[in-house]
file run.txt (compact mmCIF, C-alpha atoms)
# COMPACT_ATOMS: atom_id res chain seq x y z
CA MET E 1 274.62 44.93 -168.64
CA THR E 2 275.27 41.83 -170.75
CA SER E 3 278.72 42.13 -172.26
CA LEU E 4 279.32 42.10 -176.00
CA PHE E 5 280.92 38.71 -175.70
CA THR E 6 278.08 37.15 -173.72
CA TRP E 7 275.56 38.49 -176.22
CA LYS E 8 277.55 37.16 -179.19
CA ARG E 9 278.10 33.80 -177.57
CA PHE E 10 274.43 33.57 -176.72
CA GLN E 11 273.53 34.17 -180.34
CA ALA E 12 275.76 31.36 -181.54
CA VAL E 13 274.58 28.80 -179.00
CA THR E 14 271.02 29.68 -178.05
CA LEU E 15 269.06 31.23 -180.89
CA THR E 16 269.53 28.27 -183.21
CA SER E 17 267.99 26.09 -180.51
CA VAL E 18 265.12 28.54 -180.10
CA MET E 19 264.32 28.37 -183.80
CA MET E 20 264.49 24.59 -183.84
CA LEU E 21 262.12 24.38 -180.87
CA ALA E 22 259.69 26.80 -182.45
CA ALA E 23 259.82 25.16 -185.87
CA ALA E 24 259.00 21.86 -184.20
CA GLY E 25 255.76 23.36 -182.98
CA CYS E 26 256.74 23.67 -179.35
CA GLY E 27 256.11 27.38 -179.14
CA GLY E 28 253.32 27.89 -181.62
CA GLU E 29 253.54 28.27 -185.38
CA MET E 30 256.56 30.11 -186.73
CA THR E 31 258.06 30.82 -190.10
CA PRO E 32 261.81 31.19 -190.70
CA ASP E 33 261.67 34.99 -190.58
CA GLU E 34 260.20 34.98 -187.09
CA GLN E 35 263.52 35.22 -185.29
CA PRO E 36 265.16 38.03 -183.37
CA VAL E 37 267.60 40.13 -185.34
CA VAL E 38 271.11 39.09 -184.33
CA GLU E 39 274.71 39.83 -185.19
CA PRO E 40 277.27 37.31 -186.49
CA ALA E 41 278.63 35.06 -183.75
CA MET E 42 282.02 35.62 -182.16
CA THR E 43 284.63 32.92 -181.78
CA GLU E 44 286.40 33.80 -178.51
CA GLU E 45 286.92 30.81 -176.27
CA THR E 46 287.24 32.41 -172.86
CA TRP E 47 284.52 33.61 -170.55
CA ASP E 48 284.18 34.06 -166.83
CA ALA E 49 281.77 32.40 -164.39
CA GLU E 50 279.33 35.30 -164.46
CA GLN E 51 279.12 35.21 -168.26
CA TYR E 52 278.62 31.47 -168.20
CA ALA E 53 275.82 31.79 -165.65
CA THR E 54 274.16 34.45 -167.79
CA LEU E 55 274.35 32.26 -170.88
CA TYR E 56 272.99 29.24 -169.05
CA SER E 57 270.07 31.20 -167.61
CA THR E 58 269.29 32.75 -171.01
CA ALA E 59 269.37 29.38 -172.76
CA HIS E 60 267.09 27.95 -170.08
CA GLY E 61 264.81 30.94 -170.54
CA ALA E 62 264.66 30.31 -174.29
CA TYR E 63 263.43 26.78 -173.60
CA LEU E 64 260.87 28.00 -171.08
CA PHE E 65 259.66 30.78 -173.42
CA THR E 66 259.12 28.53 -176.43
CA THR E 67 258.32 25.14 -174.93
CA GLU E 68 257.25 25.01 -171.28
CA THR E 69 253.48 24.93 -170.67
CA PHE E 70 253.60 24.63 -166.86
CA LYS E 71 250.91 21.94 -167.12
CA GLY E 72 248.43 24.52 -168.38
CA ASN E 73 246.25 24.85 -171.46
CA GLY E 74 249.07 24.12 -173.91
CA ARG E 75 250.19 27.71 -174.37
CA THR E 76 253.76 28.87 -174.05
CA CYS E 77 254.98 32.46 -173.90
CA ALA E 78 255.72 32.28 -177.64
CA THR E 79 252.12 31.34 -178.42
CA CYS E 80 251.08 34.98 -177.99
CA HIS E 81 254.48 36.71 -177.97
CA THR E 82 255.76 35.61 -181.37
CA LEU E 83 259.47 35.95 -181.91
CA ARG E 84 258.98 37.96 -185.11
CA THR E 85 257.05 40.88 -183.63
CA GLY E 86 257.14 40.20 -179.90
CA GLY E 87 253.34 40.22 -179.87
CA LEU E 88 250.50 38.99 -182.03
CA THR E 89 248.95 40.46 -185.17
CA PRO E 90 245.57 39.61 -186.71
CA SER E 91 247.32 38.11 -189.76
CA GLN E 92 249.36 35.83 -187.49
CA ALA E 93 246.24 34.75 -185.61
CA GLN E 94 244.35 34.13 -188.85
CA ALA E 95 247.20 32.14 -190.40
CA THR E 96 247.48 30.01 -187.27
CA PHE E 97 243.73 29.36 -187.20
CA GLN E 98 243.70 28.38 -190.87
CA LYS E 99 246.50 25.85 -190.44
CA TYR E 100 245.96 24.80 -186.82
CA PRO E 101 242.41 25.59 -185.62
CA ASN E 102 243.10 23.63 -182.43
CA SER E 103 246.28 25.58 -181.67
CA PRO E 104 246.77 26.53 -177.99
CA LEU E 105 246.28 30.13 -179.13
CA PHE E 106 242.57 29.39 -179.32
CA ARG E 107 241.41 28.66 -175.81
CA ALA E 108 238.06 29.55 -174.24
CA ILE E 109 239.67 32.11 -171.94
CA ASP E 110 240.22 34.42 -174.92
CA SER E 111 237.13 33.54 -176.95
CA ASP E 112 234.38 36.06 -177.64
CA ASP E 113 232.12 34.95 -174.80
CA GLY E 114 234.45 32.82 -172.67
CA THR E 115 232.93 29.52 -173.82
CA GLY E 116 235.17 28.83 -176.81
CA ALA E 117 232.32 29.06 -179.31
CA SER E 118 233.94 31.77 -181.46
CA TYR E 119 237.13 33.79 -181.72
CA ASN E 120 236.16 36.76 -183.86
CA GLN E 121 237.81 39.33 -181.56
CA LEU E 122 241.08 37.42 -181.45
CA LEU E 123 241.10 36.80 -185.19
CA THR E 124 240.02 40.29 -186.23
CA HIS E 125 241.76 42.45 -183.64
CA ALA E 126 244.34 40.14 -181.98
CA THR E 127 243.05 41.18 -178.57
CA VAL E 128 242.96 38.92 -175.53
CA THR E 129 241.00 39.05 -172.29
CA VAL E 130 242.73 40.58 -169.29
CA ASP E 131 241.54 40.77 -165.69
CA ILE E 132 242.22 44.24 -164.31
CA PRO E 133 242.00 44.88 -160.54
CA LEU E 134 239.85 47.83 -159.52
CA ALA E 135 241.09 50.49 -157.12
CA PRO E 136 239.22 50.46 -153.78
CA ASN E 137 237.25 53.58 -154.74
CA VAL E 138 236.26 52.32 -158.21
CA LYS E 139 233.13 50.23 -158.74
CA LEU E 140 231.24 48.89 -161.71
CA ALA E 141 227.78 50.44 -161.84
CA ASN E 142 226.21 47.18 -163.01
CA ASN E 143 228.18 44.98 -160.58
CA PRO E 144 229.19 46.99 -157.47
CA THR E 145 230.74 44.02 -155.64
CA ALA E 146 233.18 43.14 -158.43
CA ARG E 147 236.84 43.81 -157.64
CA THR E 148 238.16 43.04 -161.11
CA ILE E 149 236.97 43.74 -164.63
CA LYS E 150 237.52 41.78 -167.83
CA LEU E 151 238.67 43.88 -170.76
CA ARG E 152 240.12 43.09 -174.18
CA ARG E 153 243.52 44.55 -174.93
CA GLY E 154 246.39 44.07 -177.33
CA ILE E 155 249.44 42.00 -176.41
CA PRO E 156 252.53 44.02 -175.38
CA SER E 157 255.68 43.27 -177.37
CA THR E 158 258.57 41.37 -175.82
CA LEU E 159 261.07 42.96 -178.23
CA ASP E 160 263.19 45.81 -176.81
CA SER E 161 260.82 46.71 -173.98
CA PRO E 162 261.96 44.10 -171.39
CA ARG E 163 265.51 45.43 -171.71
CA PHE E 164 264.85 49.16 -171.92
CA ASP E 165 261.36 50.06 -170.67
CA PRO E 166 260.79 50.69 -166.93
CA VAL E 167 256.99 50.56 -167.30
CA ILE E 168 255.49 47.08 -167.60
CA MET E 169 252.08 46.56 -169.23
CA LEU E 170 249.83 49.14 -170.87
CA ASP E 171 248.67 50.43 -167.49
CA GLY E 172 251.92 49.78 -165.62
CA ARG E 173 250.23 47.36 -163.26
CA GLU E 174 253.15 44.94 -162.91
CA ALA E 175 256.06 45.90 -160.66
CA THR E 176 258.60 43.52 -162.23
CA LEU E 177 259.04 41.41 -165.35
CA GLN E 178 259.04 38.35 -163.09
CA SER E 179 255.59 39.21 -161.70
CA GLN E 180 254.32 39.88 -165.23
CA ALA E 181 255.60 36.50 -166.42
CA ARG E 182 254.05 34.72 -163.45
CA GLY E 183 250.71 36.45 -163.99
CA ALA E 184 250.65 35.51 -167.67
CA ILE E 185 251.61 31.90 -166.96
CA LEU E 186 248.93 31.46 -164.31
CA GLY E 187 246.35 33.52 -166.18
CA HIS E 188 246.61 33.27 -169.96
CA ALA E 189 248.29 29.86 -169.91
CA GLN E 190 246.08 28.63 -167.03
CA ALA E 191 249.07 26.84 -165.50
CA ARG E 192 248.54 24.13 -162.94
CA ARG E 193 252.17 24.29 -161.88
CA GLU E 194 253.62 27.36 -160.19
CA PRO E 195 256.76 28.63 -161.96
CA THR E 196 259.79 28.71 -159.71
CA THR E 197 261.78 31.84 -158.97
CA LYS E 198 264.68 30.39 -160.99
CA GLU E 199 262.40 29.82 -163.98
CA LEU E 200 260.95 33.32 -163.82
CA ASN E 201 264.44 34.82 -163.65
CA ALA E 202 265.52 32.71 -166.64
CA LEU E 203 262.50 33.86 -168.65
CA VAL E 204 263.35 37.47 -167.90
CA ASP E 205 267.01 36.93 -168.87
CA PHE E 206 265.83 35.60 -172.24
CA GLU E 207 263.36 38.39 -172.86
CA ARG E 208 266.06 40.97 -172.19
CA VAL E 209 268.05 39.81 -175.22
CA LEU E 210 265.14 39.97 -177.66
CA PHE E 211 265.56 43.03 -179.88
CA SER E 212 263.69 44.37 -182.88
CA SER E 213 266.79 45.32 -184.86
CA LEU E 214 270.56 45.44 -184.91
CA LYS E 215 270.54 49.06 -183.81
CA MET E 216 268.61 48.16 -180.65
CA ALA E 217 270.96 45.24 -179.95
CA ASN E 218 273.85 47.66 -180.34
CA TYR E 219 272.16 50.01 -177.89
CA ALA E 220 272.15 47.20 -175.32
CA ILE E 221 275.86 46.69 -175.88
CA THR E 222 277.05 50.29 -176.10
CA GLY E 223 274.47 52.21 -174.08
CA THR E 224 274.17 54.71 -176.92
CA PRO E 225 270.59 54.98 -178.21
CA PRO E 226 270.11 55.06 -181.98
CA PRO E 227 269.56 58.53 -183.45
CA LEU E 228 266.45 59.51 -185.34
CA PRO E 229 266.69 58.38 -188.98
CA ALA E 230 267.51 61.25 -191.32
CA GLY E 231 265.05 60.23 -194.02
CA SER E 232 265.91 60.13 -197.71
CA THR E 233 262.75 61.21 -199.53
CA GLU E 234 261.26 64.68 -199.22
CA SER E 235 258.21 63.17 -197.52
CA GLU E 236 260.36 61.36 -194.96
CA LYS E 237 262.37 64.52 -194.26
CA ARG E 238 259.19 66.51 -193.70
CA GLY E 239 257.95 63.71 -191.44
CA ARG E 240 261.15 63.86 -189.41
CA ALA E 241 260.45 67.47 -188.46
CA TRP E 242 257.35 66.29 -186.58
CA PHE E 243 259.58 64.05 -184.42
CA GLU E 244 262.09 66.72 -183.43
CA PRO E 245 261.97 67.45 -179.65
CA GLN E 246 259.71 70.47 -180.13
CA GLY E 247 257.56 68.86 -182.82
CA ALA E 248 253.99 67.76 -182.21
CA CYS E 249 255.09 64.10 -182.24
CA GLY E 250 258.58 64.44 -180.79
CA MET E 251 257.55 66.32 -177.66
CA CYS E 252 255.81 63.15 -176.43
CA HIS E 253 257.77 60.51 -178.35
CA SER E 254 261.31 60.94 -177.08
CA GLY E 255 263.93 58.69 -175.52
CA ALA E 256 265.54 55.53 -176.88
CA LEU E 257 262.20 53.81 -177.51
CA LEU E 258 260.47 57.07 -178.50
CA ASN E 259 257.87 56.49 -175.79
CA GLU E 260 258.58 59.15 -173.19
CA VAL E 261 257.96 62.87 -172.93
CA ALA E 262 260.85 65.09 -174.06
CA PRO E 263 262.50 67.59 -171.71
CA GLY E 264 261.29 71.14 -172.19
CA ASN E 265 258.23 70.10 -174.15
CA PRO E 266 255.76 72.91 -174.99
CA LEU E 267 252.99 71.17 -173.03
CA GLY E 268 254.89 71.58 -169.76
CA LEU E 269 254.70 67.84 -169.03
CA PRO E 270 257.29 66.16 -166.81
CA ALA E 271 260.24 64.87 -168.80
CA GLY E 272 260.35 61.09 -169.02
CA LEU E 273 256.61 60.64 -168.51
CA HIS E 274 255.45 57.38 -170.08
CA PHE E 275 251.66 57.72 -169.84
CA MET E 276 249.52 59.74 -172.22
CA ASN E 277 245.86 60.10 -173.18
CA VAL E 278 245.47 60.27 -176.95
CA ALA E 279 241.67 59.94 -176.70
CA VAL E 280 241.46 56.37 -177.97
CA SER E 281 238.84 55.36 -175.41
CA GLU E 282 237.04 58.71 -175.69
CA VAL E 283 236.74 58.64 -179.48
CA ASN E 284 236.22 54.84 -179.48
CA LEU E 285 236.58 54.39 -183.23
CA MET E 286 236.19 50.62 -182.83
CA GLY E 287 232.85 50.96 -181.04
CA ASN E 288 233.83 48.90 -178.01
CA PRO E 289 231.12 48.41 -175.38
CA VAL E 290 230.94 51.36 -173.00
CA GLN E 291 230.63 50.67 -169.28
CA GLU E 292 229.87 52.96 -166.36
CA PHE E 293 232.32 53.19 -163.48
CA LEU E 294 231.58 54.88 -160.15
CA VAL E 295 234.56 56.69 -158.67
CA THR E 296 234.29 57.73 -155.02
CA GLN E 297 236.12 60.98 -154.22
CA PRO E 298 237.89 61.88 -150.94
CA ASP E 299 234.89 64.00 -149.91
CA GLY E 300 232.60 60.97 -150.27
CA SER E 301 230.94 62.10 -153.49
CA THR E 302 230.68 59.71 -156.43
CA VAL E 303 231.57 60.63 -159.99
CA PRO E 304 230.29 58.42 -162.84
CA VAL E 305 232.74 57.68 -165.66
CA SER E 306 231.53 56.15 -168.91
CA SER E 307 234.25 54.49 -170.97
CA PRO E 308 235.09 51.29 -172.86
CA ASP E 309 238.41 51.26 -170.97
CA PRO E 310 239.50 54.05 -168.58
CA GLY E 311 243.09 52.77 -168.45
CA LEU E 312 245.26 53.83 -165.51
CA MET E 313 242.26 55.19 -163.60
CA LEU E 314 241.12 51.64 -162.87
CA LEU E 315 244.27 51.04 -160.82
CA THR E 316 244.76 54.43 -159.18
CA GLY E 317 241.16 55.55 -158.72
CA ALA E 318 242.22 59.07 -159.74
CA LEU E 319 239.92 60.86 -162.18
CA GLN E 320 242.87 62.65 -163.78
CA ASP E 321 244.22 59.25 -164.84
CA GLN E 322 241.17 58.48 -166.99
CA GLY E 323 242.22 57.38 -170.47
CA LEU E 324 245.93 57.23 -169.66
CA PHE E 325 247.90 54.36 -171.20
CA LYS E 326 251.59 53.67 -171.56
CA MET E 327 253.13 54.91 -174.78
CA VAL E 328 254.62 51.82 -176.39
CA SER E 329 257.92 51.73 -178.24
CA LEU E 330 257.86 53.18 -181.75
CA ARG E 331 260.87 51.13 -182.82
CA ASN E 332 260.09 48.65 -185.60
CA LEU E 333 256.66 50.27 -185.76
CA LYS E 334 255.91 49.24 -189.33
CA ASN E 335 255.94 45.57 -188.30
CA THR E 336 253.88 45.73 -185.10
CA ALA E 337 250.36 46.63 -186.26
CA PRO E 338 247.70 46.90 -184.93
CA TYR E 339 248.15 49.87 -182.63
CA PHE E 340 246.83 51.43 -179.39
CA HIS E 341 245.72 49.56 -176.28
CA ASP E 342 242.64 48.11 -178.01
CA ASN E 343 244.34 47.43 -181.36
CA SER E 344 241.80 49.77 -182.95
CA ALA E 345 244.23 51.14 -185.56
CA LYS E 346 244.97 48.37 -188.01
CA ASP E 347 247.71 50.27 -189.84
CA LEU E 348 249.69 53.50 -189.60
CA ASN E 349 247.16 55.38 -191.71
CA GLN E 350 244.50 54.59 -189.12
CA VAL E 351 246.89 55.77 -186.41
CA MET E 352 246.90 59.13 -188.17
CA VAL E 353 243.10 59.20 -188.22
CA GLN E 354 243.17 59.01 -184.41
CA TYR E 355 245.94 61.58 -184.10
CA GLY E 356 244.23 63.84 -186.61
CA ILE E 357 241.25 63.99 -184.28
CA LEU E 358 243.47 64.55 -181.24
CA LEU E 359 245.69 67.24 -182.73
CA GLU E 360 242.79 69.11 -184.26
CA GLY E 361 241.33 69.32 -180.76
CA LEU E 362 244.65 70.81 -179.60
CA GLY E 363 244.59 73.41 -182.36
CA ILE E 364 247.14 71.60 -184.58
CA PRO E 365 245.18 70.52 -187.67
CA LEU E 366 246.88 67.99 -189.94
CA THR E 367 246.64 68.12 -193.70
CA GLU E 368 246.54 64.90 -195.71
CA GLN E 369 250.13 65.62 -196.76
CA ASP E 370 251.14 65.99 -193.11
CA LYS E 371 249.63 62.59 -192.33
CA ALA E 372 251.35 60.97 -195.31
CA ASP E 373 254.71 62.50 -194.30
CA ILE E 374 254.40 61.29 -190.70
CA VAL E 375 253.46 57.78 -191.85
CA ALA E 376 256.42 57.71 -194.25
CA TYR E 377 258.75 58.64 -191.42
CA MET E 378 257.27 56.24 -188.88
CA LYS E 379 258.10 53.39 -191.27
CA LEU E 380 261.79 54.25 -190.78
CA LEU E 381 261.76 53.93 -187.01
call {"tool": "encode", "arguments": {"input": "run.txt", "output": "structure tokens"}}
result
Amino acid sequence: MTSLFTWKRFQAVTLTSVMMLAAAGCGGEMTPDEQPVVEPAMTEETWDAEQYATLYSTAHGAYLFTTETFKGNGRTCATCHTLRTGGLTPSQAQATFQKYPNSPLFRAIDSDDGTGASYNQLLTHATVTVDIPLAPNVKLANNPTARTIKLRRGIPSTLDSPRFDPVIMLDGREATLQSQARGAILGHAQARREPTTKELNALVDFERVLFSSLKMANYAITGTPPPLPAGSTESEKRGRAWFEPQGACGMCHSGALLNEVAPGNPLGLPAGLHFMNVAVSEVNLMGNPVQEFLVTQPDGSTVPVSSPDPGLMLLTGALQDQGLFKMVSLRNLKNTAPYFHDNSAKDLNQVMVQYGILLEGLGIPLTEQDKADIVAYMKLL
């Protein structure tokens, strides 16, 4: 774990450079508030070789994250993973397009039809195109020879998760942060230069010191996760009850990032589970195109699955994994809209529309007051 001193020293030396690089346009458009939350710098003058190596690698990673294009299409990591939210919001995409319509953010690979003619999906929903490998027993009904499928998904945040989350990507398809970084560089940035192992490690070192708040930075230092906020208004206090371990929200949103199943939950789910189906693909409020997948079973039979995005099932080929996606961190939730794997909920009220449908199906109907209380509390997280 990075020591308190290394973290403080890094803040004093590195983050100023990151902001200067970004403000100069190297890492995409940024405003002064788009910086990681940090603590005041320390002034100690001694450090050991390991701390120095960590600082050097992190500083190098900051440069790579905000500036290096790897001879690709002009994108850096910070083009899509903004330092303010760790990801990309529609308002950020729209503001960038208004000021810099030729920004590296707008490349044909993430356009509506792959030709670069229009970017309505990116501007409206902040979704990008991802190539998902298909399990050996999963085929596309309209293209049986295809071994990958192009889908549009939201951009995972680089705040908190690289340091604390063992599951990488919405479907967990990457084994390490290094492999995720390499895939993004070669894919989304269309790099013509392979990143070195040293560069990938430096990028990961930098991502692991990007936090959404002081309390999460303190968690990295102390190892003590922040407690649930108490709430000050009556609405917030009522909302908190839903996030207690036995509450309808808390039984699945537990742990330091509030994205893992709580021990002893009433559903009997394994504690620490990170994947859940909240019926986003099944309800499909955004009206995404539905495709048919053919899943071959061990007995040789084929089961058709119709879905805009079956999630984990695409990788495992298991029918029981249909619609499963990683629960993302709820920390700093008020600043990371839109929500769900397809960015279909544009604000927290729309999140509650989806959960209202889900919980009603589970026999837990939500009143409008319940929804308002939960939203009020989520804004504290």
call {"tool": "closest_residue", "arguments": {"input": "run.txt", "among": "E:Ala279, E:Ile221, E:Leu83, E:Ile155", "to": "Leu359 in chain E", "atoms": "all atoms listed in the file"}}
result
E:Ala279
call {"tool": "closest_residue", "arguments": {"input": "run.txt", "among": "E:Asn349, E:Gln354, E:Asn259, E:Thr222", "to": "Val167 in chain E", "atoms": "only C-alpha atoms"}}
result
E:Asn259
call {"tool": "atom_distance", "arguments": {"input": "run.txt", "atom1": "CA of Ile357 in chain E", "atom2": "CA of Asn343 in chain E"}}
result
17.1 Å
call {"tool": "closest_residue", "arguments": {"input": "run.txt", "among": "E:Tyr119, E:Phe70, E:Tyr355, E:Phe97", "to": "Arg192 in chain E", "atoms": "all atoms listed in the file"}}
result
E:Phe70
call {"tool": "residues_around", "arguments": {"input": "run.txt", "residues": "Phe340 in chain E", "least_positions_apart": "6", "cutoff": "12 Å", "atoms": "only C-alpha atoms", "output": "ChimeraX atom specification"}}
result
/E:125-127,152-156,170,276-281,284-286,309,311,323-330,333,346-348,350-352,354-355
call {"tool": "closest_residue", "arguments": {"input": "run.txt", "among": "E:Val295, E:Leu123, E:Val128, E:Leu214", "to": "His81 in chain E", "atoms": "only C-alpha atoms"}}
result
E:Val128
call {"tool": "atom_distance", "arguments": {"input": "run.txt", "atom1": "CA of Glu68 in chain E", "atom2": "CA of Val130 in chain E"}}
result
21.4 Å
call {"tool": "residues_around", "arguments": {"input": "run.txt", "residues": "Leu257 in chain E", "least_positions_apart": "2", "cutoff": "9 Å", "atoms": "all atoms listed in the file", "output": "list in words"}}
result
Asp160, Ser161, Phe164, Asp165, Pro225, His253, Ser254, Gly255, Asn259, Glu260, Val328, Ser329, Leu330 and Arg331 of chain E
call {"tool": "closest_residue", "arguments": {"input": "run.txt", "among": "E:Ser118, E:Thr129, E:Gln180, E:Thr76", "to": "Pro101 in chain E", "atoms": "only C-alpha atoms"}}
result
E:Ser118
call {"tool": "closest_residue", "arguments": {"input": "run.txt", "among": "E:Leu381, E:Ile132, E:Ala372, E:Met251", "to": "Arg147 in chain E", "atoms": "all atoms listed in the file"}}
result
E:Ile132
call {"tool": "atom_distance", "arguments": {"input": "run.txt", "atom1": "CA of Leu159 in chain E", "atom2": "CA of Leu88 in chain E"}}
result
11.9 Å
call {"tool": "residues_around", "arguments": {"input": "run.txt", "residues": "Ser235 in chain E", "least_positions_apart": "2", "cutoff": "12 Å", "atoms": "only C-alpha atoms", "output": "list of chain:residue names"}}
result
E:Ala230, E:Gly231, E:Ser232, E:Thr233, E:Lys237, E:Arg238, E:Gly239, E:Arg240, E:Ala241, E:Trp242, E:Glu368, E:Gln369, E:Asp370, E:Lys371, E:Ala372, E:Asp373, E:Ile374, E:Val375, E:Ala376, E:Tyr377, E:Met378, E:Lys379, E:Leu380
call {"tool": "residues_around", "arguments": {"input": "run.txt", "residues": "Pro289 in chain E", "least_positions_apart": "6", "cutoff": "10 Å", "atoms": "all atoms listed in the file", "output": "PyMOL selection string"}}
result
chain E and resi 151+307-309
call {"tool": "decode", "arguments": {"input": "run.txt", "residues": "range 96-130 of chain E", "atoms": "C-alpha atoms", "output": "PDB file, in the first residue's frame"}}
result
ATOM      1  CA  THR E  96     -16.134  19.362 -25.912  1.00  0.00           C
ATOM      2  CA  PHE E  97     -17.947  19.073 -29.247  1.00  0.00           C
ATOM      3  CA  GLN E  98     -19.162  22.668 -29.040  1.00  0.00           C
ATOM      4  CA  LYS E  99     -15.679  24.040 -28.400  1.00  0.00           C
ATOM      5  CA  TYR E 100     -13.555  21.454 -30.230  1.00  0.00           C
ATOM      6  CA  PRO E 101     -15.593  19.502 -32.818  1.00  0.00           C
ATOM      7  CA  ASN E 102     -12.372  17.938 -34.096  1.00  0.00           C
ATOM      8  CA  SER E 103     -11.311  16.758 -30.642  1.00  0.00           C
ATOM      9  CA  PRO E 104      -9.794  13.246 -30.502  1.00  0.00           C
ATOM     10  CA  LEU E 105     -12.913  12.260 -28.555  1.00  0.00           C
ATOM     11  CA  PHE E 106     -14.777  12.248 -31.856  1.00  0.00           C
ATOM     12  CA  ARG E 107     -13.278   9.501 -33.949  1.00  0.00           C
ATOM     13  CA  ALA E 108     -15.079   7.217 -36.400  1.00  0.00           C
ATOM     14  CA  ILE E 109     -14.580   4.194 -34.163  1.00  0.00           C
ATOM     15  CA  ASP E 110     -17.178   5.592 -31.741  1.00  0.00           C
ATOM     16  CA  SER E 111     -19.485   7.293 -34.228  1.00  0.00           C
ATOM     17  CA  ASP E 112     -23.055   6.157 -34.782  1.00  0.00           C
ATOM     18  CA  ASP E 113     -22.315   4.000 -37.816  1.00  0.00           C
ATOM     19  CA  GLY E 114     -18.531   3.657 -37.684  1.00  0.00           C
ATOM     20  CA  THR E 115     -17.938   6.109 -40.543  1.00  0.00           C
ATOM     21  CA  GLY E 116     -17.626   9.321 -38.533  1.00  0.00           C
ATOM     22  CA  ALA E 117     -20.717  10.879 -40.097  1.00  0.00           C
ATOM     23  CA  SER E 118     -22.513  11.533 -36.786  1.00  0.00           C
ATOM     24  CA  TYR E 119     -21.992  11.177 -33.050  1.00  0.00           C
ATOM     25  CA  ASN E 120     -25.502  11.296 -31.619  1.00  0.00           C
ATOM     26  CA  GLN E 121     -24.991   8.272 -29.338  1.00  0.00           C
ATOM     27  CA  LEU E 122     -21.765   9.657 -27.909  1.00  0.00           C
ATOM     28  CA  LEU E 123     -23.207  13.132 -27.433  1.00  0.00           C
ATOM     29  CA  THR E 124     -26.566  12.037 -26.029  1.00  0.00           C
ATOM     30  CA  HIS E 125     -25.597   8.998 -23.979  1.00  0.00           C
ATOM     31  CA  ALA E 126     -21.778   9.186 -23.646  1.00  0.00           C
ATOM     32  CA  THR E 127     -21.525   5.576 -24.799  1.00  0.00           C
ATOM     33  CA  VAL E 128     -18.663   4.180 -26.843  1.00  0.00           C
ATOM     34  CA  THR E 129     -18.316   1.092 -29.015  1.00  0.00           C
ATOM     35  CA  VAL E 130     -16.759  -1.967 -27.415  1.00  0.00           C
TER      36      VAL E 130
END
